[in-house]
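Note: the block below is work34.txt and it holds compact mmCIF, C-alpha atoms (C1' of nucleotides).
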# COMPACT_ATOMS: atom_id res chain seq x y z
CA MET A 1 0.00 0.00 0.00
CA SER A 2 1.45 3.29 -1.06
CA ASP A 3 2.19 6.11 1.33
CA MET A 4 -0.20 8.19 -0.64
CA LYS A 5 -2.99 5.71 -0.14
CA ARG A 6 -2.39 5.18 3.54
CA GLY A 7 -2.51 8.90 3.92
CA ILE A 8 -0.27 11.48 5.41
CA ALA A 9 -1.75 11.36 8.88
CA LYS A 10 -0.36 7.92 9.50
CA ARG A 11 3.09 9.37 9.58
CA GLU A 12 2.34 11.00 12.89
CA PRO A 13 3.30 8.78 15.82
CA LYS A 14 0.39 6.92 17.36
CA ALA A 15 0.61 8.76 20.66
CA LYS A 16 0.15 12.04 18.92
CA ARG A 17 -2.78 10.77 16.93
CA ASP A 18 -4.42 9.67 20.16
CA ALA A 19 -3.81 13.10 21.58
CA TYR A 20 -5.44 14.71 18.56
CA GLU A 21 -8.33 12.36 18.99
CA ALA A 22 -8.83 13.30 22.64
CA VAL A 23 -8.44 17.01 22.08
CA PHE A 24 -10.65 17.29 19.00
CA THR A 25 -13.29 15.15 20.65
CA ALA A 26 -13.19 17.36 23.71
CA LEU A 27 -13.60 20.47 21.59
CA ALA A 28 -16.56 19.04 19.73
CA HIS A 29 -19.11 19.96 22.37
CA PRO A 30 -20.20 23.60 22.72
CA ALA A 31 -20.40 23.38 26.51
CA ARG A 32 -16.82 22.23 26.64
CA ARG A 33 -15.61 24.99 24.34
CA GLN A 34 -17.47 27.43 26.51
CA ILE A 35 -15.79 26.11 29.62
CA LEU A 36 -12.40 26.63 28.09
CA LEU A 37 -13.24 30.12 26.88
CA THR A 38 -14.65 31.23 30.19
CA LEU A 39 -11.82 29.66 32.11
CA ASN A 40 -9.37 31.47 29.89
CA PHE A 41 -11.19 34.73 30.23
CA GLU A 42 -11.42 34.46 33.99
CA GLY A 43 -7.68 34.21 34.25
CA GLY A 44 -7.20 30.50 33.89
CA SER A 45 -8.81 28.94 36.95
CA MET A 46 -12.25 28.49 38.45
CA THR A 47 -13.89 26.16 40.92
CA ALA A 48 -16.15 23.37 39.77
CA GLY A 49 -19.10 25.26 41.19
CA GLU A 50 -18.33 28.42 39.26
CA ILE A 51 -18.07 26.40 36.09
CA ALA A 52 -21.30 24.52 36.75
CA ASP A 53 -23.11 27.81 37.39
CA MET A 54 -22.52 28.87 33.80
CA PHE A 55 -24.91 26.22 32.54
CA GLU A 56 -28.51 25.25 32.91
CA HIS A 57 -27.36 21.67 32.96
CA ALA A 58 -27.51 19.62 36.10
CA TRP A 59 -24.24 19.70 37.92
CA PRO A 60 -23.19 16.10 37.25
CA THR A 61 -23.52 16.79 33.56
CA THR A 62 -20.98 19.55 33.85
CA THR A 63 -18.76 17.33 35.97
CA ARG A 64 -18.59 14.93 33.08
CA HIS A 65 -17.76 17.63 30.57
CA ILE A 66 -14.97 18.74 32.85
CA GLN A 67 -13.68 15.20 33.02
CA VAL A 68 -13.61 14.92 29.27
CA LEU A 69 -11.60 18.11 29.09
CA GLU A 70 -9.29 16.93 31.82
CA SER A 71 -8.62 13.55 30.27
CA ALA A 72 -7.81 15.33 27.03
CA GLY A 73 -5.19 17.21 29.02
CA LEU A 74 -6.84 20.57 28.50
CA LEU A 75 -7.58 21.03 32.20
CA HIS A 76 -6.00 20.08 35.50
CA HIS A 77 -7.34 20.37 38.99
CA ALA A 78 -6.17 20.98 42.52
CA ARG A 79 -8.12 20.48 45.70
CA GLU A 80 -8.58 23.50 47.88
CA GLY A 81 -10.56 22.78 50.98
CA ARG A 82 -13.85 21.47 49.82
CA ASN A 83 -13.55 23.15 46.46
CA ARG A 84 -11.93 21.77 43.39
CA VAL A 85 -10.11 24.37 41.38
CA TYR A 86 -9.72 23.69 37.71
CA HIS A 87 -7.17 25.43 35.60
CA ILE A 88 -6.70 25.48 31.89
CA ASP A 89 -3.64 24.06 30.19
CA ARG A 90 -3.17 26.35 27.24
CA ARG A 91 -0.17 24.44 25.96
CA ARG A 92 -2.42 21.56 25.13
CA LEU A 93 -4.29 23.73 22.68
CA GLU A 94 -1.06 23.99 20.73
CA LEU A 95 -1.90 20.56 19.40
CA VAL A 96 -4.74 22.06 17.45
CA ARG A 97 -2.50 24.75 16.11
CA ASP A 98 0.01 22.07 15.13
CA TRP A 99 -2.64 20.20 13.24
CA LEU A 100 -3.79 23.30 11.43
CA ALA A 101 -0.24 24.01 10.41
CA TRP A 102 -0.41 21.20 7.86
CA PHE A 103 -2.76 23.35 5.85
CA LEU A 104 -0.46 26.29 5.67
CA LYS A 105 2.60 24.60 4.33
CA ASP A 106 0.44 23.25 1.56
CA PRO A 107 2.32 21.83 -1.40
CA HIS A 108 1.93 23.83 -4.60
CA MET B 1 -27.65 37.35 34.54
CA SER B 2 -24.23 38.90 34.38
CA ASP B 3 -22.10 38.94 31.30
CA MET B 4 -19.53 37.03 33.19
CA LYS B 5 -21.99 34.33 34.05
CA ARG B 6 -23.39 33.99 30.58
CA GLY B 7 -19.86 33.66 29.37
CA ILE B 8 -17.75 35.32 26.78
CA ALA B 9 -18.70 33.02 23.93
CA LYS B 10 -22.19 34.42 23.80
CA ARG B 11 -20.80 37.65 22.48
CA GLU B 12 -20.06 35.99 19.19
CA PRO B 13 -22.94 36.35 16.75
CA LYS B 14 -25.16 33.30 16.52
CA ALA B 15 -24.24 32.56 12.93
CA LYS B 16 -20.61 32.29 13.86
CA ARG B 17 -21.34 30.06 16.81
CA ASP B 18 -23.25 27.75 14.49
CA ALA B 19 -20.29 27.73 12.16
CA TYR B 20 -17.96 26.79 15.00
CA GLU B 21 -20.37 24.07 15.92
CA ALA B 22 -20.38 22.61 12.42
CA VAL B 23 -16.65 22.86 11.93
CA PHE B 24 -15.60 21.47 15.31
CA THR B 25 -18.10 18.66 14.97
CA ALA B 26 -16.75 17.85 11.53
CA LEU B 27 -13.20 17.76 12.86
CA ALA B 28 -14.13 15.45 15.72
CA HIS B 29 -13.92 12.27 13.66
CA PRO B 30 -10.50 10.88 12.70
CA ALA B 31 -11.68 9.77 9.28
CA ARG B 32 -12.80 13.29 8.52
CA ARG B 33 -9.55 14.82 9.71
CA GLN B 34 -7.75 12.32 7.54
CA ILE B 35 -9.82 13.26 4.53
CA LEU B 36 -8.90 16.90 4.97
CA LEU B 37 -5.22 16.15 5.45
CA THR B 38 -5.00 13.89 2.45
CA LEU B 39 -6.99 16.25 0.31
CA ASN B 40 -4.67 19.05 1.33
CA PHE B 41 -1.61 16.98 0.68
CA GLU B 42 -2.83 15.87 -2.71
CA GLY B 43 -3.12 19.43 -3.84
CA GLY B 44 -6.63 20.25 -2.74
CA SER B 45 -8.89 18.04 -4.80
CA MET B 46 -9.72 14.37 -5.20
CA THR B 47 -12.59 12.32 -6.52
CA ALA B 48 -15.03 10.62 -4.18
CA GLY B 49 -13.56 7.29 -5.21
CA GLU B 50 -10.02 8.28 -4.37
CA ILE B 51 -11.17 9.46 -0.98
CA ALA B 52 -13.16 6.31 -0.32
CA ASP B 53 -10.15 4.18 -1.27
CA MET B 54 -8.22 5.56 1.69
CA PHE B 55 -10.48 3.74 4.12
CA GLU B 56 -11.53 0.21 4.95
CA HIS B 57 -15.00 1.56 5.47
CA ALA B 58 -17.79 0.76 3.07
CA TRP B 59 -18.16 3.48 0.52
CA PRO B 60 -21.46 4.91 1.75
CA THR B 61 -19.86 5.47 5.12
CA THR B 62 -17.25 7.66 3.51
CA THR B 63 -19.93 9.43 1.50
CA ARG B 64 -21.52 10.48 4.75
CA HIS B 65 -18.26 11.70 6.22
CA ILE B 66 -17.75 13.76 3.12
CA GLN B 67 -21.21 15.22 3.47
CA VAL B 68 -20.52 16.24 7.05
CA LEU B 69 -17.39 18.00 5.91
CA GLU B 70 -19.21 19.64 3.06
CA SER B 71 -22.08 20.89 5.16
CA ALA B 72 -19.53 22.36 7.55
CA GLY B 73 -18.22 24.28 4.55
CA LEU B 74 -14.85 22.57 4.64
CA LEU B 75 -15.34 20.92 1.25
CA HIS B 76 -17.10 21.69 -2.00
CA HIS B 77 -17.71 19.51 -5.00
CA ALA B 78 -18.02 19.72 -8.74
CA ARG B 79 -19.31 17.06 -11.09
CA GLU B 80 -16.96 15.88 -13.75
CA GLY B 81 -18.44 13.24 -15.97
CA ARG B 82 -19.36 10.41 -13.69
CA ASN B 83 -16.88 11.47 -11.07
CA ARG B 84 -17.46 13.88 -8.27
CA VAL B 85 -14.43 15.98 -7.50
CA TYR B 86 -14.17 17.31 -4.00
CA HIS B 87 -11.94 20.19 -3.10
CA ILE B 88 -10.96 21.55 0.23
CA ASP B 89 -11.89 25.02 1.38
CA ARG B 90 -8.92 26.04 3.47
CA ARG B 91 -10.44 29.41 4.35
CA ARG B 92 -13.02 27.61 6.42
CA LEU B 93 -10.29 26.27 8.65
CA GLU B 94 -9.54 29.85 9.59
CA LEU B 95 -12.51 29.60 11.89
CA VAL B 96 -10.57 27.23 14.06
CA ARG B 97 -7.61 29.55 14.09
CA ASP B 98 -9.96 32.40 15.02
CA TRP B 99 -11.29 30.44 17.92
CA LEU B 100 -7.84 29.54 19.16
CA ALA B 101 -6.88 33.19 19.02
CA TRP B 102 -8.95 33.85 22.13
CA PHE B 103 -6.39 31.92 24.09
CA LEU B 104 -3.48 33.98 22.93
CA LYS B 105 -4.79 37.40 23.67
CA ASP B 106 -5.57 36.25 27.16
CA PRO B 107 -6.40 39.12 29.49
CA HIS B 108 -3.49 41.12 31.01
C1' DC C 1 -29.38 0.63 -25.71
C1' DC C 2 -27.00 -2.29 -22.36
C1' DG C 3 -23.72 -3.43 -19.12
C1' DA C 4 -20.18 -1.58 -16.29
C1' DT C 5 -18.51 2.13 -13.44
C1' DG C 6 -18.83 5.85 -9.95
C1' DC C 7 -21.26 7.46 -6.43
C1' DT C 8 -25.39 8.59 -3.52
C1' DT C 9 -29.81 7.52 -1.14
C1' DA C 10 -32.59 4.70 1.71
C1' DG C 11 -33.01 2.33 5.54
C1' DC C 12 -31.50 -0.71 9.28
C1' DC C 13 -28.70 -1.73 13.78
C1' DT C 14 -25.79 -0.74 17.64
C1' DG C 15 -23.16 1.67 20.87
C1' DC C 16 -22.11 5.55 23.13
C1' DA C 17 -22.50 10.59 24.31
C1' DC C 18 -24.98 13.34 27.06
C1' DG C 19 -28.86 14.50 29.63
C1' DC C 20 -31.06 13.31 34.25
C1' DT C 21 -31.82 11.96 39.59
C1' DA C 22 -30.27 9.77 43.72
C1' DA C 23 -26.52 8.37 46.59
C1' DA C 24 -21.84 8.64 48.14
C1' DT C 25 -17.75 11.30 49.44
C1' DT C 26 -15.03 14.81 51.41
C1' DC C 27 -14.29 18.71 53.84
C1' DT C 28 -15.78 22.66 57.21
C1' DC C 29 -17.49 24.60 61.19
C1' DC C 30 -19.95 24.79 65.54
C1' DG D 1 -19.58 14.24 65.86
C1' DG D 2 -23.36 15.99 63.11
C1' DA D 3 -25.36 19.31 59.89
C1' DG D 4 -24.43 21.20 55.79
C1' DA D 5 -21.76 22.66 51.68
C1' DA D 6 -19.17 21.28 47.46
C1' DT D 7 -18.57 17.96 44.29
C1' DT D 8 -18.24 13.38 42.32
C1' DT D 9 -19.91 8.62 41.42
C1' DA D 10 -23.48 5.42 40.16
C1' DG D 11 -26.68 4.24 37.22
C1' DC D 12 -30.56 4.96 34.06
C1' DG D 13 -32.95 6.59 29.40
C1' DT D 14 -32.85 8.33 24.81
C1' DG D 15 -31.25 10.14 20.53
C1' DC D 16 -28.19 10.19 17.18
C1' DA D 17 -23.53 9.25 14.98
C1' DG D 18 -21.57 6.16 12.34
C1' DG D 19 -21.16 1.50 10.72
C1' DC D 20 -23.47 -1.75 7.21
C1' DT D 21 -26.17 -3.70 2.85
C1' DA D 22 -29.22 -3.11 -0.94
C1' DA D 23 -31.14 -0.26 -4.22
C1' DG D 24 -31.16 3.82 -7.18
C1' DC D 25 -29.13 7.20 -10.67
C1' DA D 26 -26.12 9.16 -13.80
C1' DT D 27 -22.63 8.63 -17.23
C1' DC D 28 -19.43 6.30 -20.37
C1' DG D 29 -17.90 2.72 -23.74
C1' DG D 30 -19.01 -0.44 -27.16

If you convert what's in this file into structure tokens, what do you get?
Amino acid sequence: MSDMKRGIAKREPKAKRDAYEAVFTALAHPARRQILLTLNFEGGSMTAGEIADMFEHAWPTTTRHIQVLESAGLLHHAREGRNRVYHIDRRRLELVRDWLAWFLKDPH
Amino acid sequence: MSDMKRGIAKREPKAKRDAYEAVFTALAHPARRQILLTLNFEGGSMTAGEIADMFEHAWPTTTRHIQVLESAGLLHHAREGRNRVYHIDRRRLELVRDWLAWFLKDPH
DNA sequence: CCGATGCTTAGCCTGCACGCTAAATTCTCC
DNA sequence: GGAGAATTTAGCGTGCAGGCTAAGCATCGG
């Protein structure tokens, strides 16, 4: 099977493809994008409660969104008394920028 | 409800939020990302058959992926005899770059 | 015009994403 | 240590994304 047929993406190491998968999946839901945006705008960290308050959703629903973001590496948390403080990991978003870069250096 | 609570994203016009929605959803599936990458690498256009050949999937499955990409505005097609030639719309990917930009110009 | 080729449409099946409520957990404060 | 706040975990229901096969539609070659 030719390289052309297998496709360019296969040249990326598997770990990185998994990372893309996690990050793009995480970004696919509007609530999760909103969490990231708000978190970013608020200076990078918020408690779970503050995040949950943004939505009409039941709290556990938001908890799950947060977990998706966290397992994609876009968020981390620290315990602070009975609060959980989540903070954004902006570096992880670089992955998206990396991916987009393929479309700039387009062959002509 | 405060602006802060509603969240920054709401300031974007609705049309643009819908566009984000379509584009991020389209990018959420690895097959669709692969289609875009390959299409880009191959110079921007390929027939439906060439695209379908990249995958083990049954052809109709690929057809649907293509349609998702197209309705997100990431692809367009032209008929050419009995072939359908799809070409990438790289400008549409700018939306993603736009979205990411929020995380650069972070406050302060 | 007829069969082959290229591709989509129609329609079915299955699993999982994402919503919910109720219960558990962990910490705080009196 | 017990009430109460903050948050997660458990577990359920439903819709839809994404896989498939079979059928339909153009178009081309002979």

- How many Å separate CA of Leu93 (chain B) from CA of Gln34 (chain A)?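 Computed distance, CA of Leu93 (chain B) to CA of Gln34 (chain A), equals 19.3 Å.
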
As a short mmCIF file (atom, residue, chain, number, x, y, z; two decimals) with C-alpha atoms, in the frame of the given file, please: chain B after a least-squares superposition onto chain A using all C-alpha atoms matched in order.
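Saved the output as result-v7.cif:
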data_model
loop_
_atom_site.label_atom_id
_atom_site.label_comp_id
_atom_site.auth_asym_id
_atom_site.auth_seq_id
_atom_site.Cartn_x
_atom_site.Cartn_y
_atom_site.Cartn_z
CA MET B 1 -0.34 -0.12 0.09
CA SER B 2 1.19 3.13 -1.02
CA ASP B 3 2.03 5.95 1.30
CA MET B 4 -0.32 8.09 -0.63
CA LYS B 5 -3.14 5.67 -0.13
CA ARG B 6 -2.56 5.20 3.55
CA GLY B 7 -2.57 8.93 3.87
CA ILE B 8 -0.30 11.50 5.33
CA ALA B 9 -1.78 11.43 8.81
CA LYS B 10 -0.39 8.00 9.47
CA ARG B 11 3.07 9.46 9.53
CA GLU B 12 2.32 11.10 12.83
CA PRO B 13 3.31 8.89 15.75
CA LYS B 14 0.43 7.00 17.30
CA ALA B 15 0.65 8.82 20.61
CA LYS B 16 0.14 12.12 18.88
CA ARG B 17 -2.78 10.83 16.88
CA ASP B 18 -4.40 9.70 20.11
CA ALA B 19 -3.82 13.14 21.54
CA TYR B 20 -5.47 14.75 18.53
CA GLU B 21 -8.33 12.37 18.97
CA ALA B 22 -8.83 13.32 22.61
CA VAL B 23 -8.47 17.03 22.05
CA PHE B 24 -10.70 17.30 18.98
CA THR B 25 -13.31 15.15 20.64
CA ALA B 26 -13.20 17.35 23.71
CA LEU B 27 -13.65 20.46 21.59
CA ALA B 28 -16.62 19.01 19.74
CA HIS B 29 -19.15 19.92 22.41
CA PRO B 30 -20.25 23.55 22.79
CA ALA B 31 -20.43 23.33 26.56
CA ARG B 32 -16.83 22.21 26.67
CA ARG B 33 -15.67 24.96 24.34
CA GLN B 34 -17.53 27.39 26.54
CA ILE B 35 -15.83 26.07 29.64
CA LEU B 36 -12.43 26.62 28.08
CA LEU B 37 -13.29 30.11 26.88
CA THR B 38 -14.69 31.21 30.20
CA LEU B 39 -11.85 29.66 32.11
CA ASN B 40 -9.42 31.47 29.86
CA PHE B 41 -11.26 34.72 30.20
CA GLU B 42 -11.44 34.45 33.96
CA GLY B 43 -7.71 34.22 34.19
CA GLY B 44 -7.20 30.50 33.85
CA SER B 45 -8.79 28.97 36.91
CA MET B 46 -12.23 28.50 38.42
CA THR B 47 -13.86 26.18 40.90
CA ALA B 48 -16.10 23.35 39.77
CA GLY B 49 -19.05 25.24 41.19
CA GLU B 50 -18.32 28.39 39.26
CA ILE B 51 -18.06 26.37 36.09
CA ALA B 52 -21.27 24.49 36.77
CA ASP B 53 -23.09 27.77 37.43
CA MET B 54 -22.53 28.82 33.83
CA PHE B 55 -24.91 26.15 32.59
CA GLU B 56 -28.54 25.15 32.98
CA HIS B 57 -27.36 21.58 33.03
CA ALA B 58 -27.50 19.53 36.19
CA TRP B 59 -24.21 19.63 37.98
CA PRO B 60 -23.14 16.04 37.31
CA THR B 61 -23.48 16.72 33.61
CA THR B 62 -20.96 19.50 33.90
CA THR B 63 -18.72 17.29 36.01
CA ARG B 64 -18.55 14.88 33.12
CA HIS B 65 -17.76 17.60 30.61
CA ILE B 66 -14.96 18.72 32.85
CA GLN B 67 -13.64 15.20 33.04
CA VAL B 68 -13.59 14.91 29.26
CA LEU B 69 -11.60 18.11 29.09
CA GLU B 70 -9.27 16.95 31.80
CA SER B 71 -8.60 13.57 30.25
CA ALA B 72 -7.81 15.36 27.00
CA GLY B 73 -5.18 17.24 28.98
CA LEU B 74 -6.86 20.58 28.47
CA LEU B 75 -7.57 21.05 32.18
CA HIS B 76 -5.98 20.10 35.47
CA HIS B 77 -7.30 20.39 38.97
CA ALA B 78 -6.12 21.00 42.49
CA ARG B 79 -8.08 20.51 45.68
CA GLU B 80 -8.53 23.51 47.86
CA GLY B 81 -10.50 22.80 50.98
CA ARG B 82 -13.82 21.52 49.80
CA ASN B 83 -13.48 23.21 46.45
CA ARG B 84 -11.88 21.80 43.38
CA VAL B 85 -10.06 24.41 41.36
CA TYR B 86 -9.69 23.71 37.69
CA HIS B 87 -7.15 25.46 35.56
CA ILE B 88 -6.71 25.50 31.86
CA ASP B 89 -3.65 24.09 30.14
CA ARG B 90 -3.22 26.38 27.18
CA ARG B 91 -0.19 24.48 25.89
CA ARG B 92 -2.46 21.59 25.07
CA LEU B 93 -4.34 23.77 22.63
CA GLU B 94 -1.13 24.03 20.66
CA LEU B 95 -1.96 20.61 19.34
CA VAL B 96 -4.82 22.10 17.41
CA ARG B 97 -2.59 24.81 16.05
CA ASP B 98 -0.08 22.12 15.06
CA TRP B 99 -2.72 20.25 13.18
CA LEU B 100 -3.92 23.34 11.37
CA ALA B 101 -0.36 24.06 10.34
CA TRP B 102 -0.53 21.25 7.80
CA PHE B 103 -2.91 23.37 5.80
CA LEU B 104 -0.63 26.34 5.62
CA LYS B 105 2.49 24.67 4.40
CA ASP B 106 0.47 23.13 1.63
CA PRO B 107 2.64 21.56 -1.05
CA HIS B 108 4.16 23.88 -3.72
#

- When you draw a straight line from CA of Phe103 (chain A) to CA of Gly73 (chain B), how long is it in Å?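 That distance, rounded to one decimal, is 15.5 Å.
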
- Task: For Leu100 (chain B), work out the shell of residues within 10 Å, counting all atoms listed in the file and skipping chain neighbours fewer than 4 positions away, then give it as a list in words.
- Result: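 Result of the neighbour search: Leu37, Arg90, Leu93, Glu94, Val96 and Arg97 of chain A; Glu94, Leu95, Val96, Leu104 and Lys105 of chain B.
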
Counting only C-alpha atoms (C1' of nucleotides), give me one row per residue of chain D with an atom at most 12 Å from an atom of region 6-22 of chain C, showing the shortest contact pair and its distance in Å to one decimal, sorted by chain then residue number, as a Markdown table.
| residue | atom | partner | partner_atom | distance |
| --- | --- | --- | --- | --- |
| D:DT9 | C1' | C:DA22 | C1' | 10.7 |
| D:DA10 | C1' | C:DA22 | C1' | 8.8 |
| D:DG11 | C1' | C:DA22 | C1' | 9.3 |
| D:DC12 | C1' | C:DC20 | C1' | 8.4 |
| D:DG13 | C1' | C:DC20 | C1' | 8.5 |
| D:DT14 | C1' | C:DG19 | C1' | 8.8 |
| D:DG15 | C1' | C:DA17 | C1' | 9.5 |
| D:DC16 | C1' | C:DA17 | C1' | 9.1 |
| D:DA17 | C1' | C:DC16 | C1' | 9.1 |
| D:DG18 | C1' | C:DT14 | C1' | 9.7 |
| D:DG19 | C1' | C:DT14 | C1' | 8.6 |
| D:DC20 | C1' | C:DC12 | C1' | 8.4 |
| D:DT21 | C1' | C:DC12 | C1' | 8.9 |
| D:DA22 | C1' | C:DA10 | C1' | 8.9 |
| D:DA23 | C1' | C:DA10 | C1' | 7.9 |
| D:DG24 | C1' | C:DT9 | C1' | 7.2 |
| D:DC25 | C1' | C:DT8 | C1' | 8.2 |
| D:DA26 | C1' | C:DG6 | C1' | 8.9 |
| D:DT27 | C1' | C:DG6 | C1' | 8.7 |
| D:DC28 | C1' | C:DG6 | C1' | 10.4 |

Could you work out which residues of chain A fall inside 9 Å of chain D? Count all atoms listed in the file, and format the result as a CSV table (one decimal) with C-alpha atoms, keeping the file's coordinate frame.
chain,number,residue,atom,x,y,z
A,48,ALA,CA,-16.2,23.4,39.8
A,49,GLY,CA,-19.1,25.3,41.2
A,59,TRP,CA,-24.2,19.7,37.9
A,60,PRO,CA,-23.2,16.1,37.2
A,63,THR,CA,-18.8,17.3,36.0
A,82,ARG,CA,-13.8,21.5,49.8
A,83,ASN,CA,-13.6,23.2,46.5
A,84,ARG,CA,-11.9,21.8,43.4

- Task: Using CA of Ile51 (chain A) and C1' of DC29 (chain C) as the two end points, give the distance in Å to one decimal.
- Result: 25.2 Å

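Considering the residues B:Ala72, B:Lys16, B:Arg79, B:Trp102 and counting all atoms listed in the file, Thr38 (chain A) has its shortest atom-to-atom contact with B:Trp102.
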
- Task: Could the residues of chain A within 8 Å of chain C, counting all atoms listed in the file, be given as a list in words, please?
- Result: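 Every residue meeting the condition is included here: Ala58, Thr61, Gly81 and Arg82 of chain A.
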
- Item | Ser45 (chain A) surroundings by only C-alpha atoms (C1' of nucleotides), 12 Å radius, close-in-sequence under 2 positions cut, as a PyMOL selection string | chain A and resi 35-43+47-51+75-78+84-90

- Note on the structure: Counting only C-alpha atoms, the residue among B:Asp53, B:Asp18, B:Thr62, B:Gly44 that lies closest to Ala31 (chain B) is B:Thr62

- Task: Would you mind telling me which residue in B:Ala15, B:Met54, B:Val23, B:Ile66 lies nearest to chain A when using all atoms listed in the file?
- Result: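 Distance minimum relative to chain A lands on B:Met54.
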